[in-house]
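Participant: Take this structure, written in structure tokens, and hold onto it; I'll ask about it next.
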Amino acid sequence: DEQYDVVVMGTGLTECILSGLLSIEGKKVLHMDRNDYYGGESASLNLTQLFKKFRDGETPAAALGKDRDYNVDLIPKFMMANGELVKILTHTDVTRYLEFKQIAGSYVYRDGTIAKVPATEMEAVRSPLMGLFEKRRAKKFFEFVQNYKADDPATHQGMDINCTPMSEIYKYFGLEPGTIDFIGHALALHLEDSYLNRPAKETFDRITLYMSSMARWGKSPYLYPLYGLGELPQGFARLSAIYGGTYMLDKKVDEIVYENGKVVGVRSGDEVICDPSCAPEKVHKTDRVIRAICLLKGPIPNTDNVDSFQLIIPQNQVKRKNDIYIAGVSASHNVCEKNHYLAIVSTVVETENPQEEIQPGLALLGPIVDKFVQVVDICEPIADGKSDQVFISKSYDATSHFETVCDDVKDLYKRITGNDLVLKQRQTQEEEQKEMADQ
């Protein structure tokens, strides 16, 4: 019978970030989850939880090793080193709960082979992705992206990226279809080709994010938390708890209670934040995604035996509308037993036979020890939540990074508080304590 300012249902990453941010700002938060673990759809599961979810509680084979060695992500996403999630982590000082490791390499599938996305000037010169003359044209394109300044027409070469479609820019530089595929899908990380008809600024921003993330540590633009992505929502949950947030796991919400069309509680708060599964009548389906979690005995062929990677199969390469993504991590990230690897193959579903759609990705993995497949609906809220005070997050989409999750967090934050989320470096816990001691 407690009173709360905000009730959050589901401990997915989006919900945990918001409960952490709102707790810092002095809101009294109750956070509930029907599962007995943190993370909701973005959890990392041990072997028993994995088999409970996908195999009806079947006992895992002894050869797979110990439960505690596994932290298997349900959602395959990496963090861009210079992206919004890293900014939110430093803004809230949640970095103190986490350790990160860089993803070793970024790869792209082209003409039947796997090629490394160049990470240095030398790699670009040696890369088989382009011929000699095409490399020169691509170099001019990248120089144009790098030097373009909105307020300096001298850098525009007669094109305004706020209204010129991306296809026109490619045409201007005379780039080949294979290069366009590579830039649009392996660097700008577009899922499909509709971006070609949109203003080029969107793609320029994405390429710049990729390049600046790459520049921070080289090798690849991606970071990944040790012990799996489930560590991220747990980090924000700890933050919320420090600022007085209350957590209840293994607690099903029987009913959201309304009075005069506005939420007044759960059978508990002024506002409810929840993931789509908690309020199915208030969301609509926009897509479906298939994800196959594959346990492997060794690194996947043709990736230089790296311990982690992202591999993108651009849609044109396999005559699809959407790209296929493969995210790979290993025992060095504390997510599976020694000598084991985890690869998650995912894509947006286009047909009535989703399993068939991921075959080109599965075929690149080498021998698969075990495989867990799920097809999930991608849902979005029908309304913005302002009238009934029920604010619903979007499902985790098919993108390979957290930028769209952060967009959703910012959007929800603005709808809930009426203010933009301003990210700044907060005081660390030690600095806060020192300041209080000095007073």
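Labels for the structure tokens follow display order: chains A, B, ..., residues from 1 in each chain, ligands from 1.
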Check the DSSP output for the backbone and give back, as a CSV table (one decimal) with N, CA and C atoms, in the first residue's frame, the residues of range 43-231 of chain A in alpha helix (DSSP H).
Facilitator:
```csv
chain,number,residue,atom,x,y,z
A,47,LEU,N,23.0,-21.2,-18.0
A,47,LEU,CA,22.5,-22.4,-18.8
A,47,LEU,C,21.2,-22.9,-18.4
A,48,THR,N,20.9,-23.0,-17.0
A,48,THR,CA,19.6,-23.4,-16.5
A,48,THR,C,18.5,-22.5,-17.0
A,49,GLN,N,18.7,-21.2,-16.9
A,49,GLN,CA,17.7,-20.2,-17.3
A,49,GLN,C,17.5,-20.3,-18.8
A,50,LEU,N,18.6,-20.6,-19.6
A,50,LEU,CA,18.5,-20.7,-21.0
A,50,LEU,C,17.6,-21.9,-21.4
A,51,PHE,N,17.9,-23.0,-20.8
A,51,PHE,CA,17.2,-24.3,-21.1
A,51,PHE,C,15.7,-24.2,-20.6
A,52,LYS,N,15.5,-23.4,-19.5
A,52,LYS,CA,14.1,-23.2,-19.0
A,52,LYS,C,13.3,-22.4,-20.0
A,53,LYS,N,14.0,-21.4,-20.6
A,53,LYS,CA,13.2,-20.5,-21.5
A,53,LYS,C,13.0,-21.2,-22.8
A,54,PHE,N,14.0,-21.9,-23.3
A,54,PHE,CA,13.9,-22.4,-24.7
A,54,PHE,C,13.5,-23.9,-24.8
A,84,GLU,N,25.7,7.0,-27.6
A,84,GLU,CA,24.8,7.6,-26.6
A,84,GLU,C,24.8,6.8,-25.3
A,85,LEU,N,24.9,5.4,-25.4
A,85,LEU,CA,24.8,4.6,-24.2
A,85,LEU,C,26.0,4.9,-23.3
A,86,VAL,N,27.2,5.0,-24.0
A,86,VAL,CA,28.4,5.3,-23.2
A,86,VAL,C,28.3,6.6,-22.5
A,87,LYS,N,27.7,7.6,-23.2
A,87,LYS,CA,27.5,8.9,-22.6
A,87,LYS,C,26.5,8.8,-21.4
A,88,ILE,N,25.5,8.0,-21.5
A,88,ILE,CA,24.5,7.8,-20.4
A,88,ILE,C,25.2,7.1,-19.2
A,89,LEU,N,26.1,6.1,-19.5
A,89,LEU,CA,26.8,5.4,-18.5
A,89,LEU,C,27.7,6.3,-17.7
A,90,THR,N,28.4,7.2,-18.4
A,90,THR,CA,29.3,8.1,-17.8
A,90,THR,C,28.6,9.2,-17.0
A,91,HIS,N,27.5,9.7,-17.6
A,91,HIS,CA,26.6,10.7,-17.0
A,91,HIS,C,26.1,10.2,-15.6
A,92,THR,N,25.8,9.0,-15.5
A,92,THR,CA,25.2,8.4,-14.3
A,92,THR,C,26.2,7.8,-13.4
A,121,GLU,N,44.4,2.9,-41.9
A,121,GLU,CA,44.8,3.4,-43.3
A,121,GLU,C,45.5,2.2,-44.0
A,122,MET,N,46.4,1.5,-43.3
A,122,MET,CA,47.1,0.4,-43.9
A,122,MET,C,46.1,-0.7,-44.3
A,123,GLU,N,45.2,-1.1,-43.4
A,123,GLU,CA,44.2,-2.1,-43.7
A,123,GLU,C,43.3,-1.7,-44.9
A,124,ALA,N,43.0,-0.4,-45.0
A,124,ALA,CA,42.2,0.1,-46.1
A,124,ALA,C,43.0,-0.1,-47.5
A,125,VAL,N,44.3,0.1,-47.4
A,125,VAL,CA,45.1,0.0,-48.7
A,125,VAL,C,45.1,-1.5,-49.1
A,126,ARG,N,45.2,-2.4,-48.1
A,126,ARG,CA,45.3,-3.9,-48.4
A,126,ARG,C,44.0,-4.6,-48.6
A,132,LEU,N,41.8,-0.8,-56.9
A,132,LEU,CA,42.7,0.3,-56.8
A,132,LEU,C,41.9,1.7,-57.1
A,133,PHE,N,41.3,1.7,-58.2
A,133,PHE,CA,40.6,3.0,-58.6
A,133,PHE,C,39.4,3.3,-57.7
A,134,GLU,N,38.7,2.2,-57.3
A,134,GLU,CA,37.6,2.4,-56.4
A,134,GLU,C,38.0,2.9,-55.1
A,135,LYS,N,39.2,2.5,-54.6
A,135,LYS,CA,39.8,3.0,-53.3
A,135,LYS,C,40.0,4.5,-53.4
A,136,ARG,N,40.5,5.0,-54.6
A,136,ARG,CA,40.7,6.4,-54.7
A,136,ARG,C,39.4,7.2,-54.6
A,137,ARG,N,38.4,6.6,-55.3
A,137,ARG,CA,37.0,7.3,-55.3
A,137,ARG,C,36.5,7.3,-53.9
A,138,ALA,N,36.6,6.2,-53.2
A,138,ALA,CA,36.1,6.0,-51.8
A,138,ALA,C,36.9,7.0,-50.9
A,139,LYS,N,38.2,7.2,-51.1
A,139,LYS,CA,39.0,8.1,-50.3
A,139,LYS,C,38.4,9.5,-50.4
A,140,LYS,N,38.1,9.9,-51.6
A,140,LYS,CA,37.6,11.2,-51.9
A,140,LYS,C,36.2,11.4,-51.2
A,141,PHE,N,35.4,10.3,-51.2
A,141,PHE,CA,34.1,10.4,-50.5
A,141,PHE,C,34.3,10.6,-49.0
A,142,PHE,N,35.2,9.8,-48.4
A,142,PHE,CA,35.4,9.8,-47.0
A,142,PHE,C,36.0,11.2,-46.6
A,143,GLU,N,36.8,11.7,-47.4
A,143,GLU,CA,37.4,13.1,-47.1
A,143,GLU,C,36.3,14.1,-47.1
A,144,PHE,N,35.3,14.0,-48.1
A,144,PHE,CA,34.2,14.9,-48.2
A,144,PHE,C,33.3,14.8,-46.9
A,145,VAL,N,33.1,13.5,-46.4
A,145,VAL,CA,32.3,13.3,-45.2
A,145,VAL,C,33.0,14.0,-44.0
A,146,GLN,N,34.3,13.8,-43.9
A,146,GLN,CA,35.1,14.3,-42.8
A,146,GLN,C,35.2,15.8,-42.8
A,147,ASN,N,35.3,16.4,-44.0
A,147,ASN,CA,35.6,17.8,-44.0
A,147,ASN,C,34.3,18.6,-44.1
A,166,MET,N,21.0,10.6,-50.2
A,166,MET,CA,22.3,9.8,-50.1
A,166,MET,C,22.7,9.2,-51.5
A,167,SER,N,21.7,8.8,-52.2
A,167,SER,CA,22.0,8.1,-53.5
A,167,SER,C,22.7,9.1,-54.5
A,168,GLU,N,22.3,10.4,-54.4
A,168,GLU,CA,23.0,11.5,-55.2
A,168,GLU,C,24.4,11.6,-54.9
A,169,ILE,N,24.7,11.6,-53.6
A,169,ILE,CA,26.1,11.8,-53.1
A,169,ILE,C,27.0,10.6,-53.6
A,170,TYR,N,26.5,9.4,-53.5
A,170,TYR,CA,27.2,8.2,-54.0
A,170,TYR,C,27.5,8.4,-55.5
A,171,LYS,N,26.4,8.8,-56.2
A,171,LYS,CA,26.5,9.0,-57.7
A,171,LYS,C,27.6,10.0,-58.0
A,172,TYR,N,27.6,11.1,-57.3
A,172,TYR,CA,28.6,12.2,-57.5
A,172,TYR,C,30.0,11.7,-57.4
A,173,PHE,N,30.2,10.8,-56.5
A,173,PHE,CA,31.6,10.3,-56.3
A,173,PHE,C,31.9,9.0,-57.2
A,177,PRO,N,28.3,-0.3,-56.8
A,177,PRO,CA,27.3,-0.9,-55.9
A,177,PRO,C,27.9,-1.6,-54.7
A,178,GLY,N,29.0,-2.4,-54.8
A,178,GLY,CA,29.6,-3.1,-53.7
A,178,GLY,C,30.1,-2.2,-52.7
A,179,THR,N,30.7,-1.0,-53.1
A,179,THR,CA,31.2,0.0,-52.1
A,179,THR,C,30.0,0.6,-51.4
A,180,ILE,N,29.0,0.9,-52.1
A,180,ILE,CA,27.8,1.5,-51.5
A,180,ILE,C,27.2,0.6,-50.5
A,181,ASP,N,27.1,-0.7,-50.8
A,181,ASP,CA,26.7,-1.7,-49.8
A,181,ASP,C,27.5,-1.6,-48.6
A,201,LYS,N,22.3,13.6,-44.5
A,201,LYS,CA,22.8,14.0,-43.2
A,201,LYS,C,22.8,12.8,-42.2
A,202,GLU,N,21.6,12.0,-42.3
A,202,GLU,CA,21.5,10.9,-41.4
A,202,GLU,C,22.6,9.9,-41.6
A,203,THR,N,23.0,9.6,-42.8
A,203,THR,CA,24.0,8.6,-43.1
A,203,THR,C,25.4,9.2,-42.7
A,204,PHE,N,25.6,10.5,-43.0
A,204,PHE,CA,26.9,11.2,-42.6
A,204,PHE,C,27.1,11.1,-41.1
A,205,ASP,N,26.0,11.3,-40.3
A,205,ASP,CA,26.1,11.3,-38.8
A,205,ASP,C,26.5,9.8,-38.4
A,206,ARG,N,25.9,8.8,-39.1
A,206,ARG,CA,26.1,7.5,-38.7
A,206,ARG,C,27.6,7.1,-39.0
A,207,ILE,N,28.1,7.5,-40.2
A,207,ILE,CA,29.5,7.2,-40.6
A,207,ILE,C,30.4,7.9,-39.6
A,208,THR,N,30.1,9.1,-39.2
A,208,THR,CA,30.9,9.9,-38.3
A,208,THR,C,31.0,9.2,-36.9
A,209,LEU,N,29.8,8.7,-36.5
A,209,LEU,CA,29.8,8.0,-35.2
A,209,LEU,C,30.7,6.7,-35.3
A,210,TYR,N,30.6,6.0,-36.4
A,210,TYR,CA,31.4,4.8,-36.5
A,210,TYR,C,32.9,5.1,-36.5
A,211,MET,N,33.2,6.1,-37.3
A,211,MET,CA,34.6,6.5,-37.4
A,211,MET,C,35.2,7.0,-36.0
A,212,SER,N,34.4,7.9,-35.3
A,212,SER,CA,34.9,8.4,-34.1
A,212,SER,C,34.9,7.3,-33.0
A,213,SER,N,34.0,6.4,-33.1
A,213,SER,CA,34.1,5.2,-32.1
A,213,SER,C,35.3,4.4,-32.4
A,214,MET,N,35.6,4.2,-33.7
A,214,MET,CA,36.8,3.4,-34.1
A,214,MET,C,38.1,4.1,-33.6
A,215,ALA,N,38.1,5.5,-33.7
A,215,ALA,CA,39.3,6.2,-33.4
A,215,ALA,C,39.6,6.2,-31.9
A,216,ARG,N,38.7,5.8,-31.1
A,216,ARG,CA,38.9,5.8,-29.6
A,216,ARG,C,39.9,4.7,-29.2
A,217,TRP,N,39.8,3.5,-29.8
A,217,TRP,CA,40.7,2.4,-29.5
A,217,TRP,C,41.2,1.6,-30.7
A,231,GLU,N,24.5,-7.2,-17.6
A,231,GLU,CA,25.1,-6.4,-16.6
A,231,GLU,C,24.7,-4.9,-16.7
```
Participant: Mind checking which residues fall within 10 Å of Ser240 in chain A, counting only C-alpha atoms, ignoring those fewer than 2 positions away in the same chain, and posting them as a ChimeraX atom specification?
Facilitator: /A:16-24,27-31,234-238,242-247
Participant: Neighbouring residues of Pro367 in chain A were defined as those with any atom within 8 Å, considering only C-alpha atoms; residues of the same chain fewer than 2 positions away were excluded. Please report them as a ChimeraX atom specification.
Facilitator: /A:296-297,365,369
Participant: Could you write out that same residue set with C-alpha atoms as a short mmCIF file (atom, residue, chain, number, x, y, z; two decimals), in the first residue's frame?
Facilitator:
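result-v6.cif, written as the output of this step:
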```cif
data_model
loop_
_atom_site.label_atom_id
_atom_site.label_comp_id
_atom_site.auth_asym_id
_atom_site.auth_seq_id
_atom_site.Cartn_x
_atom_site.Cartn_y
_atom_site.Cartn_z
CA LEU A 296 30.22 -23.06 -30.89
CA LYS A 297 33.37 -25.01 -29.99
CA LEU A 365 29.62 -20.36 -38.28
CA VAL A 369 27.12 -27.43 -30.71
#
```
Participant: Give me, as a PyMOL selection string, all polymer residues having an atom no more than 10 Å from Leu295 in chain A, counting only C-alpha atoms and skipping those fewer than 2 positions away in the same chain.
Facilitator: chain A and resi 64+72+292-293+297-298+330+336+340-344+365+367-372
Participant: Would you save the residues of that selection, restricted to N, CA and C atoms, as a PDB file, in the first residue's frame?
Facilitator:
```
ATOM      1  N   LEU A  64      28.592 -29.131 -21.692  1.00  0.00           N
ATOM      2  CA  LEU A  64      28.569 -27.671 -21.870  1.00  0.00           C
ATOM      3  C   LEU A  64      29.257 -26.942 -20.727  1.00  0.00           C
ATOM      4  N   VAL A  72      24.376 -15.724 -21.272  1.00  0.00           N
ATOM      5  CA  VAL A  72      24.016 -15.718 -22.694  1.00  0.00           C
ATOM      6  C   VAL A  72      23.000 -14.612 -22.986  1.00  0.00           C
ATOM      7  N   ALA A 292      18.920 -16.374 -33.456  1.00  0.00           N
ATOM      8  CA  ALA A 292      19.386 -17.736 -33.165  1.00  0.00           C
ATOM      9  C   ALA A 292      20.661 -17.636 -32.336  1.00  0.00           C
ATOM     10  N   ILE A 293      20.591 -18.106 -31.092  1.00  0.00           N
ATOM     11  CA  ILE A 293      21.755 -18.133 -30.202  1.00  0.00           C
ATOM     12  C   ILE A 293      22.476 -19.453 -30.468  1.00  0.00           C
ATOM     13  N   LYS A 297      32.184 -24.464 -30.667  1.00  0.00           N
ATOM     14  CA  LYS A 297      33.366 -25.008 -29.986  1.00  0.00           C
ATOM     15  C   LYS A 297      34.622 -24.210 -30.306  1.00  0.00           C
ATOM     16  N   GLY A 298      34.568 -23.408 -31.365  1.00  0.00           N
ATOM     17  CA  GLY A 298      35.759 -22.647 -31.741  1.00  0.00           C
ATOM     18  C   GLY A 298      35.365 -21.362 -32.428  1.00  0.00           C
ATOM     19  N   SER A 330      33.023 -14.612 -26.661  1.00  0.00           N
ATOM     20  CA  SER A 330      33.610 -15.894 -26.266  1.00  0.00           C
ATOM     21  C   SER A 330      33.887 -15.939 -24.766  1.00  0.00           C
ATOM     22  N   CYS A 336      30.667 -17.636 -21.584  1.00  0.00           N
ATOM     23  CA  CYS A 336      30.493 -19.075 -21.825  1.00  0.00           C
ATOM     24  C   CYS A 336      31.749 -19.792 -21.330  1.00  0.00           C
ATOM     25  N   HIS A 340      34.674 -22.205 -25.536  1.00  0.00           N
ATOM     26  CA  HIS A 340      33.393 -22.094 -26.233  1.00  0.00           C
ATOM     27  C   HIS A 340      33.223 -20.660 -26.769  1.00  0.00           C
ATOM     28  N   TYR A 341      32.409 -20.548 -27.795  1.00  0.00           N
ATOM     29  CA  TYR A 341      32.076 -19.249 -28.380  1.00  0.00           C
ATOM     30  C   TYR A 341      30.554 -19.145 -28.477  1.00  0.00           C
ATOM     31  N   LEU A 342      30.072 -17.917 -28.446  1.00  0.00           N
ATOM     32  CA  LEU A 342      28.644 -17.661 -28.647  1.00  0.00           C
ATOM     33  C   LEU A 342      28.479 -16.804 -29.892  1.00  0.00           C
ATOM     34  N   ALA A 343      27.617 -17.205 -30.788  1.00  0.00           N
ATOM     35  CA  ALA A 343      27.319 -16.368 -31.961  1.00  0.00           C
ATOM     36  C   ALA A 343      25.806 -16.237 -32.065  1.00  0.00           C
ATOM     37  N   ILE A 344      25.332 -15.019 -32.208  1.00  0.00           N
ATOM     38  CA  ILE A 344      23.887 -14.800 -32.338  1.00  0.00           C
ATOM     39  C   ILE A 344      23.601 -14.232 -33.730  1.00  0.00           C
ATOM     40  N   LEU A 365      29.173 -20.178 -39.665  1.00  0.00           N
ATOM     41  CA  LEU A 365      29.625 -20.359 -38.280  1.00  0.00           C
ATOM     42  C   LEU A 365      30.502 -21.577 -38.045  1.00  0.00           C
ATOM     43  N   PRO A 367      30.890 -25.713 -37.229  1.00  0.00           N
ATOM     44  CA  PRO A 367      30.049 -26.654 -36.476  1.00  0.00           C
ATOM     45  C   PRO A 367      29.337 -25.981 -35.296  1.00  0.00           C
ATOM     46  N   ILE A 368      28.028 -26.208 -35.181  1.00  0.00           N
ATOM     47  CA  ILE A 368      27.234 -25.623 -34.096  1.00  0.00           C
ATOM     48  C   ILE A 368      26.946 -26.712 -33.054  1.00  0.00           C
ATOM     49  N   VAL A 369      27.335 -26.463 -31.787  1.00  0.00           N
ATOM     50  CA  VAL A 369      27.125 -27.432 -30.706  1.00  0.00           C
ATOM     51  C   VAL A 369      25.650 -27.478 -30.313  1.00  0.00           C
ATOM     52  N   ASP A 370      25.049 -26.286 -30.157  1.00  0.00           N
ATOM     53  CA  ASP A 370      23.629 -26.212 -29.811  1.00  0.00           C
ATOM     54  C   ASP A 370      23.080 -24.875 -30.285  1.00  0.00           C
ATOM     55  N   LYS A 371      21.762 -24.822 -30.437  1.00  0.00           N
ATOM     56  CA  LYS A 371      21.155 -23.622 -31.041  1.00  0.00           C
ATOM     57  C   LYS A 371      19.801 -23.363 -30.381  1.00  0.00           C
ATOM     58  N   PHE A 372      19.543 -22.103 -30.042  1.00  0.00           N
ATOM     59  CA  PHE A 372      18.273 -21.705 -29.424  1.00  0.00           C
ATOM     60  C   PHE A 372      17.678 -20.587 -30.270  1.00  0.00           C
TER      61      PHE A 372
END
```
Participant: Figure out the distance between CA of Ala279 in chain A and CA of Leu239 in chain A, please, to one decimal in Å.
Facilitator: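 According to the coordinates, CA of Leu239 in chain A and CA of Ala279 in chain A are separated by 25.9 Å.
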Participant: Using DSSP on the backbone coordinates, identify all residues within range 33-276 of chain A classified as strand (DSSP E); present the result as a CSV table (one decimal) with N, CA and C atoms, in the first residue's frame.
Facilitator:
```
chain,number,residue,atom,x,y,z
A,44,SER,N,20.9,-11.5,-19.7
A,44,SER,CA,21.9,-12.6,-20.0
A,44,SER,C,21.6,-13.7,-19.1
A,45,LEU,N,21.4,-14.9,-19.7
A,45,LEU,CA,20.9,-16.1,-18.9
A,45,LEU,C,22.0,-17.1,-18.7
A,72,VAL,N,24.4,-15.7,-21.3
A,72,VAL,CA,24.0,-15.7,-22.7
A,72,VAL,C,23.0,-14.6,-23.0
A,73,ASP,N,23.4,-13.7,-23.8
A,73,ASP,CA,22.5,-12.6,-24.2
A,73,ASP,C,21.3,-13.0,-25.0
A,79,MET,N,28.0,-1.9,-27.9
A,79,MET,CA,27.9,-0.4,-27.6
A,79,MET,C,28.9,0.3,-28.6
A,80,MET,N,28.5,1.3,-29.2
A,80,MET,CA,29.4,2.2,-30.0
A,80,MET,C,30.3,2.9,-28.9
A,100,PHE,N,34.5,-3.3,-19.2
A,100,PHE,CA,34.3,-3.5,-20.7
A,100,PHE,C,35.5,-4.0,-21.4
A,101,LYS,N,35.2,-4.7,-22.5
A,101,LYS,CA,36.2,-5.2,-23.3
A,101,LYS,C,35.9,-4.8,-24.8
A,102,GLN,N,36.9,-4.5,-25.5
A,102,GLN,CA,36.6,-4.1,-26.9
A,102,GLN,C,36.3,-5.3,-27.8
A,105,GLY,N,36.9,-7.3,-33.8
A,105,GLY,CA,36.9,-7.0,-35.3
A,105,GLY,C,35.5,-6.8,-35.8
A,106,SER,N,35.4,-6.0,-36.9
A,106,SER,CA,34.2,-5.8,-37.6
A,106,SER,C,34.4,-6.4,-39.0
A,107,TYR,N,33.4,-7.3,-39.4
A,107,TYR,CA,33.6,-8.0,-40.7
A,107,TYR,C,32.3,-7.8,-41.6
A,108,VAL,N,32.5,-7.9,-42.9
A,108,VAL,CA,31.4,-7.8,-43.8
A,108,VAL,C,31.4,-9.0,-44.8
A,109,TYR,N,30.3,-9.5,-45.2
A,109,TYR,CA,30.2,-10.6,-46.1
A,109,TYR,C,30.1,-10.0,-47.5
A,110,ARG,N,30.9,-10.4,-48.4
A,110,ARG,CA,30.9,-9.8,-49.8
A,110,ARG,C,31.3,-10.8,-50.8
A,113,THR,N,32.6,-14.3,-49.6
A,113,THR,CA,33.7,-14.4,-48.6
A,113,THR,C,33.5,-13.4,-47.5
A,114,ILE,N,34.2,-13.6,-46.4
A,114,ILE,CA,34.2,-12.7,-45.2
A,114,ILE,C,35.4,-11.8,-45.3
A,115,ALA,N,35.2,-10.5,-45.3
A,115,ALA,CA,36.3,-9.5,-45.3
A,115,ALA,C,36.2,-8.6,-44.1
A,116,LYS,N,37.4,-8.2,-43.6
A,116,LYS,CA,37.5,-7.4,-42.4
A,116,LYS,C,37.2,-5.9,-42.9
A,222,TYR,N,33.3,-1.1,-31.4
A,222,TYR,CA,32.3,-1.6,-30.4
A,222,TYR,C,33.0,-2.0,-29.0
A,223,LEU,N,32.2,-1.8,-28.0
A,223,LEU,CA,32.5,-2.2,-26.6
A,223,LEU,C,31.5,-3.2,-26.2
A,224,TYR,N,31.9,-4.0,-25.2
A,224,TYR,CA,30.9,-5.1,-24.7
A,224,TYR,C,31.3,-5.3,-23.2
A,225,PRO,N,30.2,-5.4,-22.3
A,225,PRO,CA,30.5,-5.6,-20.9
A,225,PRO,C,30.9,-7.0,-20.6
A,246,THR,N,12.9,1.0,-5.1
A,246,THR,CA,12.6,-0.3,-4.5
A,246,THR,C,12.4,-1.3,-5.6
A,247,TYR,N,13.0,-2.5,-5.5
A,247,TYR,CA,13.0,-3.6,-6.5
A,247,TYR,C,12.3,-4.8,-6.0
A,248,MET,N,11.4,-5.3,-6.9
A,248,MET,CA,10.7,-6.6,-6.6
A,248,MET,C,10.8,-7.5,-7.8
A,256,ILE,N,-3.2,-3.3,-14.0
A,256,ILE,CA,-2.9,-1.8,-13.9
A,256,ILE,C,-4.3,-1.1,-13.6
A,257,VAL,N,-4.3,-0.4,-12.5
A,257,VAL,CA,-5.6,0.2,-12.1
A,257,VAL,C,-5.7,1.7,-12.6
A,258,TYR,N,-6.9,2.0,-13.2
A,258,TYR,CA,-7.2,3.3,-13.7
A,258,TYR,C,-8.3,4.0,-13.0
A,259,GLU,N,-8.2,5.3,-12.9
A,259,GLU,CA,-9.4,6.1,-12.5
A,259,GLU,C,-9.5,7.3,-13.4
A,262,LYS,N,-6.9,7.6,-16.2
A,262,LYS,CA,-5.5,7.8,-15.8
A,262,LYS,C,-5.1,6.6,-14.9
A,263,VAL,N,-3.8,6.2,-15.0
A,263,VAL,CA,-3.4,5.2,-14.1
A,263,VAL,C,-3.2,5.7,-12.7
A,264,VAL,N,-3.6,4.9,-11.7
A,264,VAL,CA,-3.4,5.3,-10.3
A,264,VAL,C,-2.6,4.3,-9.6
A,265,GLY,N,-2.4,3.2,-10.1
A,265,GLY,CA,-1.6,2.2,-9.4
A,265,GLY,C,-1.6,0.9,-10.1
A,266,VAL,N,-0.8,0.0,-9.5
A,266,VAL,CA,-0.8,-1.4,-9.9
A,266,VAL,C,-1.2,-2.2,-8.7
A,269,GLY,N,1.1,4.6,-7.7
A,269,GLY,CA,2.0,5.4,-8.3
A,269,GLY,C,1.3,6.4,-9.2
A,270,ASP,N,1.9,7.4,-9.6
A,270,ASP,CA,1.4,8.4,-10.5
A,270,ASP,C,1.5,8.0,-11.9
A,271,GLU,N,2.7,7.4,-12.2
A,271,GLU,CA,3.0,7.1,-13.6
A,271,GLU,C,3.5,5.6,-13.6
A,272,VAL,N,3.2,5.0,-14.8
A,272,VAL,CA,3.7,3.6,-15.0
A,272,VAL,C,4.6,3.6,-16.2
A,273,ILE,N,5.8,3.1,-16.1
A,273,ILE,CA,6.7,2.9,-17.3
A,273,ILE,C,6.8,1.4,-17.4
A,274,CYS,N,6.6,0.9,-18.7
A,274,CYS,CA,6.7,-0.6,-18.8
A,274,CYS,C,7.1,-0.9,-20.2
```
Participant: Residues near range 383-400 of chain A, anyone? I mean within 9 Å using only C-alpha atoms, not counting same-chain ones fewer than 2 positions away, as a ChimeraX atom specification.
Facilitator: /A:14-15,41-42,75-79,189-191,258,260-264,270-279,282-283,287-290,310,325-327,346-348,377-381,402-405,408-409,412,415-416
Participant: In Å, rounded to a single decimal, give me how far CA of Ala363 in chain A is from CA of Gly328 in chain A.
Facilitator: 14.4 Å
Participant: Using only C-alpha atoms, pick whichever of A:Gly230, A:Pro199, A:Gly418, A:Phe182 has the shortest atom-to-atom distance to Asp323 in chain A.
Facilitator: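 Nearest candidate to Asp323 in chain A out of A:Gly230, A:Pro199, A:Gly418, A:Phe182: A:Phe182.
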Participant: Which residue is closest to Tyr37 in chain A? Choose from A:Asp69, A:Asp250, A:Glu99, A:Glu337 and count only C-alpha atoms.
Facilitator: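 Under the stated criterion, the closest residue is A:Asp250.
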